[in-house]
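Text of work.txt (compact mmCIF, N, CA and C atoms and all ligand atoms) as supplied:
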# COMPACT_ATOMS: atom_id res chain seq x y z
N MET A 1 -14.31 -8.56 3.55
CA MET A 1 -15.14 -8.99 4.50
C MET A 1 -15.34 -10.46 4.26
N ASN A 2 -16.57 -10.96 4.41
CA ASN A 2 -16.74 -12.41 4.44
C ASN A 2 -16.10 -13.13 3.28
N ASN A 3 -16.27 -12.54 2.10
CA ASN A 3 -15.81 -13.23 0.92
C ASN A 3 -14.47 -12.72 0.39
N CYS A 4 -13.80 -11.94 1.22
CA CYS A 4 -12.57 -11.28 0.76
C CYS A 4 -11.37 -12.20 0.98
N ILE A 5 -10.65 -12.48 -0.08
CA ILE A 5 -9.52 -13.41 0.01
C ILE A 5 -8.43 -12.88 0.94
N PHE A 6 -8.20 -11.56 0.94
CA PHE A 6 -7.15 -11.03 1.81
C PHE A 6 -7.58 -11.06 3.27
N CYS A 7 -8.87 -10.86 3.56
CA CYS A 7 -9.34 -11.06 4.94
C CYS A 7 -9.09 -12.51 5.36
N LYS A 8 -9.34 -13.43 4.45
CA LYS A 8 -9.13 -14.85 4.78
C LYS A 8 -7.66 -15.14 5.02
N ILE A 9 -6.78 -14.51 4.24
CA ILE A 9 -5.34 -14.70 4.46
C ILE A 9 -4.92 -14.07 5.79
N VAL A 10 -5.44 -12.85 6.05
CA VAL A 10 -5.13 -12.17 7.33
C VAL A 10 -5.57 -13.05 8.50
N ASN A 11 -6.75 -13.67 8.38
CA ASN A 11 -7.30 -14.50 9.46
C ASN A 11 -6.77 -15.93 9.45
N LYS A 12 -5.84 -16.19 8.53
CA LYS A 12 -5.20 -17.52 8.41
C LYS A 12 -6.20 -18.62 8.06
N GLU A 13 -7.30 -18.23 7.42
CA GLU A 13 -8.24 -19.24 6.91
C GLU A 13 -7.73 -19.81 5.60
N ILE A 14 -6.89 -19.04 4.91
CA ILE A 14 -6.22 -19.52 3.70
C ILE A 14 -4.73 -19.43 3.99
N PRO A 15 -3.97 -20.51 3.77
CA PRO A 15 -2.53 -20.43 4.03
C PRO A 15 -1.83 -19.54 3.02
N SER A 16 -0.75 -18.93 3.43
CA SER A 16 0.01 -18.09 2.52
C SER A 16 1.45 -18.10 2.98
N ASN A 17 2.28 -17.43 2.22
CA ASN A 17 3.69 -17.37 2.53
C ASN A 17 3.95 -16.13 3.38
N TYR A 18 3.75 -16.26 4.70
CA TYR A 18 3.84 -15.10 5.60
C TYR A 18 5.30 -14.74 5.87
N ILE A 19 5.60 -13.46 5.70
CA ILE A 19 6.96 -12.97 5.93
C ILE A 19 7.02 -12.19 7.24
N TYR A 20 5.93 -11.48 7.53
CA TYR A 20 5.95 -10.56 8.67
C TYR A 20 4.52 -10.33 9.12
N GLU A 21 4.35 -10.10 10.42
CA GLU A 21 3.02 -9.77 10.94
C GLU A 21 3.17 -8.86 12.15
N ASP A 22 2.33 -7.85 12.25
CA ASP A 22 2.21 -7.07 13.49
C ASP A 22 0.73 -6.73 13.69
N ASP A 23 0.44 -5.79 14.58
CA ASP A 23 -0.97 -5.49 14.89
C ASP A 23 -1.71 -4.87 13.71
N ASP A 24 -0.97 -4.22 12.81
CA ASP A 24 -1.60 -3.47 11.71
C ASP A 24 -1.70 -4.25 10.41
N MET A 25 -0.73 -5.13 10.17
CA MET A 25 -0.63 -5.70 8.82
C MET A 25 0.04 -7.05 8.80
N ILE A 26 -0.07 -7.70 7.64
CA ILE A 26 0.79 -8.84 7.34
C ILE A 26 1.55 -8.51 6.06
N ILE A 27 2.70 -9.15 5.89
CA ILE A 27 3.40 -9.10 4.61
C ILE A 27 3.55 -10.54 4.14
N ILE A 28 3.10 -10.77 2.89
CA ILE A 28 3.19 -12.11 2.30
C ILE A 28 3.91 -12.00 0.95
N LYS A 29 4.29 -13.14 0.42
CA LYS A 29 4.84 -13.17 -0.93
C LYS A 29 3.69 -13.20 -1.92
N ASP A 30 3.77 -12.39 -2.98
CA ASP A 30 2.74 -12.44 -4.01
C ASP A 30 2.80 -13.79 -4.72
N ILE A 31 1.63 -14.35 -4.96
CA ILE A 31 1.53 -15.68 -5.55
C ILE A 31 1.97 -15.68 -7.03
N ASN A 32 1.93 -14.51 -7.63
CA ASN A 32 2.27 -14.39 -9.06
C ASN A 32 3.25 -13.23 -9.24
N PRO A 33 4.51 -13.44 -8.81
CA PRO A 33 5.45 -12.31 -8.74
C PRO A 33 5.77 -11.71 -10.10
N ILE A 34 5.85 -10.37 -10.14
CA ILE A 34 6.24 -9.69 -11.38
C ILE A 34 7.65 -9.09 -11.26
N ALA A 35 8.31 -9.36 -10.15
CA ALA A 35 9.72 -8.99 -9.99
C ALA A 35 10.36 -10.09 -9.17
N LYS A 36 11.69 -10.09 -9.13
CA LYS A 36 12.39 -11.17 -8.39
C LYS A 36 11.89 -11.25 -6.97
N LYS A 37 11.66 -10.08 -6.38
CA LYS A 37 11.00 -10.05 -5.06
C LYS A 37 9.72 -9.26 -5.19
N HIS A 38 8.63 -9.87 -4.75
CA HIS A 38 7.32 -9.22 -4.86
C HIS A 38 6.52 -9.60 -3.62
N PHE A 39 6.43 -8.62 -2.71
CA PHE A 39 5.66 -8.83 -1.49
C PHE A 39 4.37 -8.03 -1.55
N LEU A 40 3.41 -8.44 -0.73
CA LEU A 40 2.18 -7.67 -0.54
C LEU A 40 2.08 -7.32 0.93
N ALA A 41 1.91 -6.03 1.21
CA ALA A 41 1.65 -5.59 2.58
C ALA A 41 0.15 -5.33 2.68
N ILE A 42 -0.50 -6.09 3.56
CA ILE A 42 -1.97 -6.08 3.63
C ILE A 42 -2.40 -5.64 5.02
N PRO A 43 -3.14 -4.51 5.12
CA PRO A 43 -3.65 -4.11 6.44
C PRO A 43 -4.64 -5.15 6.96
N LYS A 44 -4.66 -5.34 8.28
CA LYS A 44 -5.57 -6.34 8.84
C LYS A 44 -7.02 -5.90 8.71
N LEU A 45 -7.25 -4.59 8.75
CA LEU A 45 -8.62 -4.09 8.58
C LEU A 45 -9.00 -4.04 7.12
N HIS A 46 -10.24 -4.43 6.83
CA HIS A 46 -10.71 -4.42 5.45
C HIS A 46 -11.18 -3.02 5.04
N PHE A 47 -10.56 -2.45 4.03
CA PHE A 47 -11.11 -1.31 3.30
C PHE A 47 -10.61 -1.43 1.88
N SER A 48 -11.44 -0.96 0.93
CA SER A 48 -11.21 -1.33 -0.47
C SER A 48 -10.02 -0.66 -1.11
N ASP A 49 -9.87 0.64 -0.87
CA ASP A 49 -8.88 1.37 -1.67
C ASP A 49 -8.63 2.74 -1.07
N VAL A 50 -7.73 3.46 -1.71
CA VAL A 50 -7.28 4.76 -1.21
C VAL A 50 -8.41 5.79 -1.23
N VAL A 51 -9.40 5.61 -2.09
CA VAL A 51 -10.51 6.57 -2.15
C VAL A 51 -11.46 6.39 -0.97
N SER A 52 -11.66 5.14 -0.57
CA SER A 52 -12.64 4.88 0.49
C SER A 52 -12.03 4.87 1.88
N MET A 53 -10.72 5.07 2.00
CA MET A 53 -10.13 4.91 3.32
C MET A 53 -10.44 6.08 4.25
N SER A 54 -10.56 5.77 5.53
CA SER A 54 -10.84 6.76 6.57
C SER A 54 -9.52 7.38 7.05
N GLU A 55 -9.64 8.39 7.90
CA GLU A 55 -8.43 8.99 8.50
C GLU A 55 -7.65 7.93 9.28
N ASP A 56 -8.37 7.09 10.01
CA ASP A 56 -7.69 6.04 10.78
C ASP A 56 -7.00 5.04 9.85
N ASN A 57 -7.69 4.69 8.77
CA ASN A 57 -7.08 3.80 7.77
C ASN A 57 -5.79 4.42 7.24
N ALA A 58 -5.84 5.73 6.97
CA ALA A 58 -4.66 6.42 6.42
C ALA A 58 -3.52 6.39 7.43
N LYS A 59 -3.84 6.51 8.70
CA LYS A 59 -2.79 6.43 9.74
C LYS A 59 -2.16 5.05 9.72
N THR A 60 -3.00 4.03 9.55
CA THR A 60 -2.48 2.66 9.49
C THR A 60 -1.53 2.51 8.30
N ILE A 61 -1.91 3.05 7.16
CA ILE A 61 -1.03 2.97 5.98
C ILE A 61 0.29 3.68 6.25
N GLY A 62 0.22 4.82 6.94
CA GLY A 62 1.45 5.53 7.30
C GLY A 62 2.35 4.68 8.17
N LYS A 63 1.75 4.02 9.15
CA LYS A 63 2.54 3.14 10.03
C LYS A 63 3.13 1.97 9.24
N MET A 64 2.33 1.44 8.32
CA MET A 64 2.82 0.33 7.50
C MET A 64 4.04 0.76 6.68
N LEU A 65 3.96 1.95 6.08
CA LEU A 65 5.08 2.44 5.25
C LEU A 65 6.34 2.58 6.11
N LYS A 66 6.17 3.12 7.30
CA LYS A 66 7.30 3.29 8.21
C LYS A 66 7.92 1.93 8.55
N LYS A 67 7.09 0.96 8.82
CA LYS A 67 7.56 -0.38 9.18
C LYS A 67 8.25 -1.04 7.98
N ILE A 68 7.65 -0.89 6.81
CA ILE A 68 8.28 -1.47 5.60
C ILE A 68 9.68 -0.88 5.44
N GLY A 69 9.79 0.43 5.63
CA GLY A 69 11.10 1.07 5.54
C GLY A 69 12.08 0.49 6.55
N ALA A 70 11.57 0.20 7.74
CA ALA A 70 12.45 -0.28 8.81
C ALA A 70 12.93 -1.71 8.56
N ILE A 71 12.15 -2.51 7.87
CA ILE A 71 12.54 -3.92 7.67
C ILE A 71 13.01 -4.21 6.25
N ALA A 72 13.05 -3.17 5.40
CA ALA A 72 13.38 -3.38 3.98
C ALA A 72 14.75 -4.03 3.82
N ASP A 73 15.75 -3.50 4.50
CA ASP A 73 17.11 -4.01 4.32
C ASP A 73 17.29 -5.38 4.97
N SER A 74 16.71 -5.55 6.12
CA SER A 74 16.96 -6.77 6.89
C SER A 74 16.04 -7.89 6.44
N LEU A 75 14.81 -7.86 6.92
CA LEU A 75 13.90 -8.98 6.68
C LEU A 75 13.57 -9.17 5.20
N LEU A 76 13.34 -8.08 4.49
CA LEU A 76 12.91 -8.19 3.09
C LEU A 76 14.09 -8.30 2.12
N GLU A 77 15.28 -8.02 2.60
CA GLU A 77 16.50 -8.11 1.79
C GLU A 77 16.40 -7.28 0.52
N LEU A 78 16.01 -6.04 0.71
CA LEU A 78 15.85 -5.11 -0.42
C LEU A 78 16.83 -3.94 -0.28
N GLU A 79 18.07 -4.29 0.11
CA GLU A 79 19.01 -3.22 0.44
C GLU A 79 19.37 -2.35 -0.76
N LYS A 80 19.17 -2.83 -1.98
CA LYS A 80 19.49 -2.00 -3.16
C LYS A 80 18.31 -1.16 -3.62
N GLY A 81 17.22 -1.22 -2.89
CA GLY A 81 16.06 -0.38 -3.22
C GLY A 81 14.84 -1.19 -3.61
N PHE A 82 13.75 -0.49 -3.78
CA PHE A 82 12.48 -1.16 -4.05
C PHE A 82 11.46 -0.13 -4.53
N ARG A 83 10.31 -0.62 -4.93
CA ARG A 83 9.21 0.23 -5.38
C ARG A 83 7.95 -0.21 -4.65
N ILE A 84 7.16 0.75 -4.21
CA ILE A 84 5.88 0.45 -3.58
C ILE A 84 4.77 0.94 -4.50
N VAL A 85 3.82 0.07 -4.78
CA VAL A 85 2.75 0.38 -5.73
C VAL A 85 1.40 0.06 -5.09
N MET A 86 0.44 0.95 -5.32
CA MET A 86 -0.93 0.70 -4.87
C MET A 86 -1.84 0.85 -6.10
N ASN A 87 -2.50 -0.21 -6.48
CA ASN A 87 -3.41 -0.15 -7.62
C ASN A 87 -4.80 0.27 -7.15
N LYS A 88 -5.48 1.07 -7.98
CA LYS A 88 -6.85 1.50 -7.63
C LYS A 88 -7.73 1.43 -8.87
N GLY A 89 -8.78 0.64 -8.78
CA GLY A 89 -9.82 0.64 -9.80
C GLY A 89 -9.41 0.02 -11.13
N GLU A 90 -10.26 0.20 -12.09
CA GLU A 90 -10.11 -0.47 -13.39
C GLU A 90 -8.83 -0.05 -14.10
N HIS A 91 -8.61 1.25 -14.24
CA HIS A 91 -7.41 1.71 -14.95
C HIS A 91 -6.14 1.37 -14.19
N GLY A 92 -6.25 1.27 -12.89
CA GLY A 92 -5.08 0.88 -12.08
C GLY A 92 -4.88 -0.63 -12.01
N CYS A 93 -5.80 -1.38 -12.64
CA CYS A 93 -5.73 -2.86 -12.64
C CYS A 93 -5.83 -3.45 -11.24
N GLN A 94 -6.65 -2.84 -10.38
CA GLN A 94 -6.88 -3.46 -9.07
C GLN A 94 -7.75 -4.69 -9.27
N SER A 95 -7.33 -5.82 -8.69
CA SER A 95 -8.13 -7.05 -8.84
C SER A 95 -8.66 -7.56 -7.50
N ILE A 96 -8.05 -7.13 -6.40
CA ILE A 96 -8.54 -7.53 -5.07
C ILE A 96 -8.88 -6.26 -4.30
N PHE A 97 -10.12 -6.19 -3.85
CA PHE A 97 -10.65 -4.93 -3.33
C PHE A 97 -10.55 -4.87 -1.81
N HIS A 98 -9.37 -5.19 -1.35
CA HIS A 98 -8.93 -5.00 0.03
C HIS A 98 -7.56 -4.34 -0.14
N LEU A 99 -7.49 -3.07 0.23
CA LEU A 99 -6.28 -2.30 -0.10
C LEU A 99 -5.01 -3.06 0.28
N HIS A 100 -4.01 -2.96 -0.59
CA HIS A 100 -2.72 -3.60 -0.32
C HIS A 100 -1.63 -2.84 -1.05
N LEU A 101 -0.43 -2.95 -0.54
CA LEU A 101 0.74 -2.33 -1.15
C LEU A 101 1.60 -3.42 -1.77
N HIS A 102 1.93 -3.24 -3.04
CA HIS A 102 2.91 -4.12 -3.68
C HIS A 102 4.30 -3.59 -3.35
N ILE A 103 5.19 -4.46 -2.94
CA ILE A 103 6.59 -4.09 -2.69
C ILE A 103 7.43 -4.89 -3.68
N LEU A 104 8.07 -4.17 -4.59
CA LEU A 104 8.78 -4.81 -5.70
C LEU A 104 10.27 -4.52 -5.63
N GLY A 105 11.08 -5.50 -5.92
CA GLY A 105 12.52 -5.28 -5.91
C GLY A 105 13.28 -6.57 -6.16
N GLY A 106 14.50 -6.61 -5.65
CA GLY A 106 15.33 -7.79 -5.84
C GLY A 106 16.05 -7.82 -7.16
N GLU A 107 15.82 -6.80 -7.98
CA GLU A 107 16.48 -6.67 -9.28
C GLU A 107 16.28 -5.22 -9.75
N GLN A 108 16.97 -4.83 -10.82
CA GLN A 108 16.78 -3.49 -11.38
C GLN A 108 15.40 -3.39 -12.01
N LEU A 109 14.59 -2.46 -11.54
CA LEU A 109 13.25 -2.26 -12.10
C LEU A 109 13.31 -1.24 -13.23
N SER A 110 12.32 -1.33 -14.12
CA SER A 110 12.24 -0.38 -15.23
C SER A 110 11.85 1.00 -14.69
N PRO A 111 12.39 2.08 -15.32
CA PRO A 111 11.97 3.42 -14.89
C PRO A 111 10.55 3.73 -15.30
N HIS A 112 9.98 2.92 -16.17
CA HIS A 112 8.60 3.15 -16.62
C HIS A 112 7.65 2.38 -15.72
N PHE A 113 6.52 2.95 -15.46
CA PHE A 113 5.60 2.35 -14.49
C PHE A 113 4.56 1.46 -15.14
N ASN A 114 4.41 1.49 -16.46
CA ASN A 114 3.38 0.62 -17.04
C ASN A 114 3.95 -0.27 -18.12
P1 LIG B 201 -4.04 -6.03 -7.44
O1 LIG B 201 -4.13 -6.36 -8.89
O2 LIG B 201 -3.28 -4.77 -7.15
O3 LIG B 201 -5.40 -6.06 -6.79
O4 LIG B 201 -3.12 -7.14 -6.79
C1 LIG B 201 -3.58 -8.36 -6.32
C2 LIG B 201 -2.35 -9.23 -6.16
O5 LIG B 201 -2.67 -10.29 -5.30
C3 LIG B 201 -1.84 -9.83 -7.45
O6 LIG B 201 -0.48 -9.44 -7.65
C4 LIG B 201 -1.96 -11.34 -7.23
O7 LIG B 201 -0.91 -12.07 -7.81
C5 LIG B 201 -1.96 -11.43 -5.72
N1 LIG B 201 -2.64 -12.58 -5.15
C6 LIG B 201 -3.87 -13.06 -5.45
N2 LIG B 201 -4.19 -14.10 -4.67
C7 LIG B 201 -3.13 -14.30 -3.85
C8 LIG B 201 -2.81 -15.25 -2.83
N3 LIG B 201 -3.68 -16.23 -2.49
N4 LIG B 201 -1.61 -15.17 -2.20
C9 LIG B 201 -0.73 -14.21 -2.54
N5 LIG B 201 -0.96 -13.27 -3.50
C10 LIG B 201 -2.13 -13.33 -4.14
ZN ZN B 202 -10.75 -7.92 3.13
Translate the structure of the given file into structure tokens.
Ligand code: AMP
Ligand code: ZN
Amino acid sequence: MNNCIFCKIVNKEIPSNYIYEDDDMIIIKDINPIAKKHFLAIPKLHFSDVVSMSEDNAKTIGKMLKKIGAIADSLLELEKGFRIVMNKGEHGCQSIFHLHLHILGGEQLSPHFN
């Protein structure tokens, strides 16, 4: 909301490296990449995490996943595969409390998740 950095990026109050935008979401490059390719898919509506999301929010996430799948090979250049990660809470190392999906790829990822 007012003080949320991802709301500010969605509203273009803070510049970012925008890759894609539609009615539901934006995709930007992560400022601190942990893989050769590291994107963030951010819903335009503010909600904190998977625990607090509404049915409508969940539908939006479903649409986002479908769209990410559709543009993975072309726009995102992830034809050899990728990983989608959603962090939640302290143990999940969530640091920004506006739900987002990490899209990781561009190189061979480790089979271990932590
Ligand atoms: P999480 O730890 O799951 O909440 O992920 C937050 C992510 O947002 C981290 O990977 C950060 O590197 C990334 N991040 C923080 N600020 C920005 C920004 N201004 N532009 C792009 N990515 C950002
Ligand atoms: Zn927000």
Mind checking which residues fall within 7 Å of A:Leu104, counting only C-alpha atoms, ignoring those fewer than 4 positions away in the same chain, and posting them as a PDB file with N, CA and C atoms, keeping the file's coordinate frame?
ATOM      1  N   ALA A  35       8.310  -9.360 -10.150  1.00  0.00           N
ATOM      2  CA  ALA A  35       9.720  -8.990  -9.990  1.00  0.00           C
ATOM      3  C   ALA A  35      10.360 -10.090  -9.170  1.00  0.00           C
ATOM      4  N   LYS A  37      11.660 -10.080  -6.380  1.00  0.00           N
ATOM      5  CA  LYS A  37      11.000 -10.050  -5.060  1.00  0.00           C
ATOM      6  C   LYS A  37       9.720  -9.260  -5.190  1.00  0.00           C
ATOM      7  N   HIS A  38       8.630  -9.870  -4.750  1.00  0.00           N
ATOM      8  CA  HIS A  38       7.320  -9.220  -4.860  1.00  0.00           C
ATOM      9  C   HIS A  38       6.520  -9.600  -3.620  1.00  0.00           C
ATOM     10  N   PHE A  39       6.430  -8.620  -2.710  1.00  0.00           N
ATOM     11  CA  PHE A  39       5.660  -8.830  -1.490  1.00  0.00           C
ATOM     12  C   PHE A  39       4.370  -8.030  -1.550  1.00  0.00           C
ATOM     13  N   PHE A  82      13.750  -0.490  -3.780  1.00  0.00           N
ATOM     14  CA  PHE A  82      12.480  -1.160  -4.050  1.00  0.00           C
ATOM     15  C   PHE A  82      11.460  -0.130  -4.530  1.00  0.00           C
ATOM     16  N   ARG A  83      10.310  -0.620  -4.930  1.00  0.00           N
ATOM     17  CA  ARG A  83       9.210   0.230  -5.380  1.00  0.00           C
ATOM     18  C   ARG A  83       7.950  -0.210  -4.650  1.00  0.00           C
ATOM     19  N   ILE A  84       7.160   0.750  -4.210  1.00  0.00           N
ATOM     20  CA  ILE A  84       5.880   0.450  -3.580  1.00  0.00           C
ATOM     21  C   ILE A  84       4.770   0.940  -4.500  1.00  0.00           C
TER      22      ILE A  84
END
Which residues are near ligand LIG 201 (chain B) in this structure, taking near to mean any atom at most 8 Å from a ligand atom and counting all atoms listed in the file? Format them as number ranges by chain.
A: 5-6, 9, 14-17, 28-34, 39-40, 85-89, 92-102
Next, write the just-selected residues to a file, as a compact mmCIF listing (two decimals), in the coordinates of the input, keeping N, CA and C atoms as the atom set.
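Okay, selection08.txt is ready:
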# COMPACT_ATOMS: atom_id res chain seq x y z
N ILE A 5 -10.65 -12.48 -0.08
CA ILE A 5 -9.52 -13.41 0.01
C ILE A 5 -8.43 -12.88 0.94
N PHE A 6 -8.20 -11.56 0.94
CA PHE A 6 -7.15 -11.03 1.81
C PHE A 6 -7.58 -11.06 3.27
N ILE A 9 -6.78 -14.51 4.24
CA ILE A 9 -5.34 -14.70 4.46
C ILE A 9 -4.92 -14.07 5.79
N ILE A 14 -6.89 -19.04 4.91
CA ILE A 14 -6.22 -19.52 3.70
C ILE A 14 -4.73 -19.43 3.99
N PRO A 15 -3.97 -20.51 3.77
CA PRO A 15 -2.53 -20.43 4.03
C PRO A 15 -1.83 -19.54 3.02
N SER A 16 -0.75 -18.93 3.43
CA SER A 16 0.01 -18.09 2.52
C SER A 16 1.45 -18.10 2.98
N ASN A 17 2.28 -17.43 2.22
CA ASN A 17 3.69 -17.37 2.53
C ASN A 17 3.95 -16.13 3.38
N ILE A 28 3.10 -10.77 2.89
CA ILE A 28 3.19 -12.11 2.30
C ILE A 28 3.91 -12.00 0.95
N LYS A 29 4.29 -13.14 0.42
CA LYS A 29 4.84 -13.17 -0.93
C LYS A 29 3.69 -13.20 -1.92
N ASP A 30 3.77 -12.39 -2.98
CA ASP A 30 2.74 -12.44 -4.01
C ASP A 30 2.80 -13.79 -4.72
N ILE A 31 1.63 -14.35 -4.96
CA ILE A 31 1.53 -15.68 -5.55
C ILE A 31 1.97 -15.68 -7.03
N ASN A 32 1.93 -14.51 -7.63
CA ASN A 32 2.27 -14.39 -9.06
C ASN A 32 3.25 -13.23 -9.24
N PRO A 33 4.51 -13.44 -8.81
CA PRO A 33 5.45 -12.31 -8.74
C PRO A 33 5.77 -11.71 -10.10
N ILE A 34 5.85 -10.37 -10.14
CA ILE A 34 6.24 -9.69 -11.38
C ILE A 34 7.65 -9.09 -11.26
N PHE A 39 6.43 -8.62 -2.71
CA PHE A 39 5.66 -8.83 -1.49
C PHE A 39 4.37 -8.03 -1.55
N LEU A 40 3.41 -8.44 -0.73
CA LEU A 40 2.18 -7.67 -0.54
C LEU A 40 2.08 -7.32 0.93
N VAL A 85 3.82 0.07 -4.78
CA VAL A 85 2.75 0.38 -5.73
C VAL A 85 1.40 0.06 -5.09
N MET A 86 0.44 0.95 -5.32
CA MET A 86 -0.93 0.70 -4.87
C MET A 86 -1.84 0.85 -6.10
N ASN A 87 -2.50 -0.21 -6.48
CA ASN A 87 -3.41 -0.15 -7.62
C ASN A 87 -4.80 0.27 -7.15
N LYS A 88 -5.48 1.07 -7.98
CA LYS A 88 -6.85 1.50 -7.63
C LYS A 88 -7.73 1.43 -8.87
N GLY A 89 -8.78 0.64 -8.78
CA GLY A 89 -9.82 0.64 -9.80
C GLY A 89 -9.41 0.02 -11.13
N GLY A 92 -6.25 1.27 -12.89
CA GLY A 92 -5.08 0.88 -12.08
C GLY A 92 -4.88 -0.63 -12.01
N CYS A 93 -5.80 -1.38 -12.64
CA CYS A 93 -5.73 -2.86 -12.64
C CYS A 93 -5.83 -3.45 -11.24
N GLN A 94 -6.65 -2.84 -10.38
CA GLN A 94 -6.88 -3.46 -9.07
C GLN A 94 -7.75 -4.69 -9.27
N SER A 95 -7.33 -5.82 -8.69
CA SER A 95 -8.13 -7.05 -8.84
C SER A 95 -8.66 -7.56 -7.50
N ILE A 96 -8.05 -7.13 -6.40
CA ILE A 96 -8.54 -7.53 -5.07
C ILE A 96 -8.88 -6.26 -4.30
N PHE A 97 -10.12 -6.19 -3.85
CA PHE A 97 -10.65 -4.93 -3.33
C PHE A 97 -10.55 -4.87 -1.81
N HIS A 98 -9.37 -5.19 -1.35
CA HIS A 98 -8.93 -5.00 0.03
C HIS A 98 -7.56 -4.34 -0.14
N LEU A 99 -7.49 -3.07 0.23
CA LEU A 99 -6.28 -2.30 -0.10
C LEU A 99 -5.01 -3.06 0.28
N HIS A 100 -4.01 -2.96 -0.59
CA HIS A 100 -2.72 -3.60 -0.32
C HIS A 100 -1.63 -2.84 -1.05
N LEU A 101 -0.43 -2.95 -0.54
CA LEU A 101 0.74 -2.33 -1.15
C LEU A 101 1.60 -3.42 -1.77
N HIS A 102 1.93 -3.24 -3.04
CA HIS A 102 2.91 -4.12 -3.68
C HIS A 102 4.30 -3.59 -3.35
How far is it from atom CA of A:Tyr20 to atom CA of A:Gly81, in Å with one decimal?
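Straight-line distance from atom CA of A:Tyr20 to atom CA of A:Gly81 works out to 18.6 Å.
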Tell me, as a PyMOL selection string, which residues lie within 8 Å of A:Gln108, counting all atoms listed in the file; anything in the same chain fewer than 3 positions away does not count.
chain A and resi 36+105+111
Per DSSP on the backbone, what are the strand (DSSP E) residues of chain A, as a list in words?
Tyr18, Ile19, Tyr20, Glu21, Met25, Ile26, Ile27, Ile28, Lys29, Lys37, His38, Phe39, Leu40, Ala41, Ile42, Pro43, Phe82, Arg83, Ile84, Val85, Leu101, His102, Ile103, Leu104 and Gly105 of chain A
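Straight-line separation from atom CA of A:Glu21 to atom CA of A:Met53: 21.1 Å.
Across the structure, atom C of A:Leu109 and atom C of A:Lys63 are spaced 24.9 Å apart.
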Taking into account all atoms listed in the file, which residue in the set A:Ala72, A:Met25, A:Phe47, A:Ile19 is nearest to ligand ZN 202 (chain B)?
A:Phe47
Pick from A:Asp73, A:Lys44, A:Lys59, A:Val51: nearest to ligand ZN 202 (chain B), with all atoms listed in the file counted?
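Among the listed residues, A:Lys44 lies closest to ligand ZN 202 (chain B).
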Would you mind writing down, as an MDAnalysis selection string, each residue of chain A that DSSP on the backbone assigns to alpha helix (DSSP H)?
chainID A and resid 5:10 55:71
Mind writing the picked residues with N, CA and C atoms as a compact mmCIF listing (two decimals), in the coordinates of the input?
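Once written, part.txt looks like this:
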# COMPACT_ATOMS: atom_id res chain seq x y z
N ILE A 5 -10.65 -12.48 -0.08
CA ILE A 5 -9.52 -13.41 0.01
C ILE A 5 -8.43 -12.88 0.94
N PHE A 6 -8.20 -11.56 0.94
CA PHE A 6 -7.15 -11.03 1.81
C PHE A 6 -7.58 -11.06 3.27
N CYS A 7 -8.87 -10.86 3.56
CA CYS A 7 -9.34 -11.06 4.94
C CYS A 7 -9.09 -12.51 5.36
N LYS A 8 -9.34 -13.43 4.45
CA LYS A 8 -9.13 -14.85 4.78
C LYS A 8 -7.66 -15.14 5.02
N ILE A 9 -6.78 -14.51 4.24
CA ILE A 9 -5.34 -14.70 4.46
C ILE A 9 -4.92 -14.07 5.79
N VAL A 10 -5.44 -12.85 6.05
CA VAL A 10 -5.13 -12.17 7.33
C VAL A 10 -5.57 -13.05 8.50
N GLU A 55 -9.64 8.39 7.90
CA GLU A 55 -8.43 8.99 8.50
C GLU A 55 -7.65 7.93 9.28
N ASP A 56 -8.37 7.09 10.01
CA ASP A 56 -7.69 6.04 10.78
C ASP A 56 -7.00 5.04 9.85
N ASN A 57 -7.69 4.69 8.77
CA ASN A 57 -7.08 3.80 7.77
C ASN A 57 -5.79 4.42 7.24
N ALA A 58 -5.84 5.73 6.97
CA ALA A 58 -4.66 6.42 6.42
C ALA A 58 -3.52 6.39 7.43
N LYS A 59 -3.84 6.51 8.70
CA LYS A 59 -2.79 6.43 9.74
C LYS A 59 -2.16 5.05 9.72
N THR A 60 -3.00 4.03 9.55
CA THR A 60 -2.48 2.66 9.49
C THR A 60 -1.53 2.51 8.30
N ILE A 61 -1.91 3.05 7.16
CA ILE A 61 -1.03 2.97 5.98
C ILE A 61 0.29 3.68 6.25
N GLY A 62 0.22 4.82 6.94
CA GLY A 62 1.45 5.53 7.30
C GLY A 62 2.35 4.68 8.17
N LYS A 63 1.75 4.02 9.15
CA LYS A 63 2.54 3.14 10.03
C LYS A 63 3.13 1.97 9.24
N MET A 64 2.33 1.44 8.32
CA MET A 64 2.82 0.33 7.50
C MET A 64 4.04 0.76 6.68
N LEU A 65 3.96 1.95 6.08
CA LEU A 65 5.08 2.44 5.25
C LEU A 65 6.34 2.58 6.11
N LYS A 66 6.17 3.12 7.30
CA LYS A 66 7.30 3.29 8.21
C LYS A 66 7.92 1.93 8.55
N LYS A 67 7.09 0.96 8.82
CA LYS A 67 7.56 -0.38 9.18
C LYS A 67 8.25 -1.04 7.98
N ILE A 68 7.65 -0.89 6.81
CA ILE A 68 8.28 -1.47 5.60
C ILE A 68 9.68 -0.88 5.44
N GLY A 69 9.79 0.43 5.63
CA GLY A 69 11.10 1.07 5.54
C GLY A 69 12.08 0.49 6.55
N ALA A 70 11.57 0.20 7.74
CA ALA A 70 12.45 -0.28 8.81
C ALA A 70 12.93 -1.71 8.56
N ILE A 71 12.15 -2.51 7.87
CA ILE A 71 12.54 -3.92 7.67
C ILE A 71 13.01 -4.21 6.25
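Shortest atom-to-atom contact with ligand ZN 202 (chain B) among A:Thr60, A:Ser110, A:Ser52, A:Asn2: A:Asn2, counting all atoms listed in the file.
At a cut-off of 6 Å from (-7.0, -2.2, 10.0), the residue set is A:Asp24, A:Pro43, A:Lys44, A:Leu45, A:His46 (counting all atoms listed in the file).
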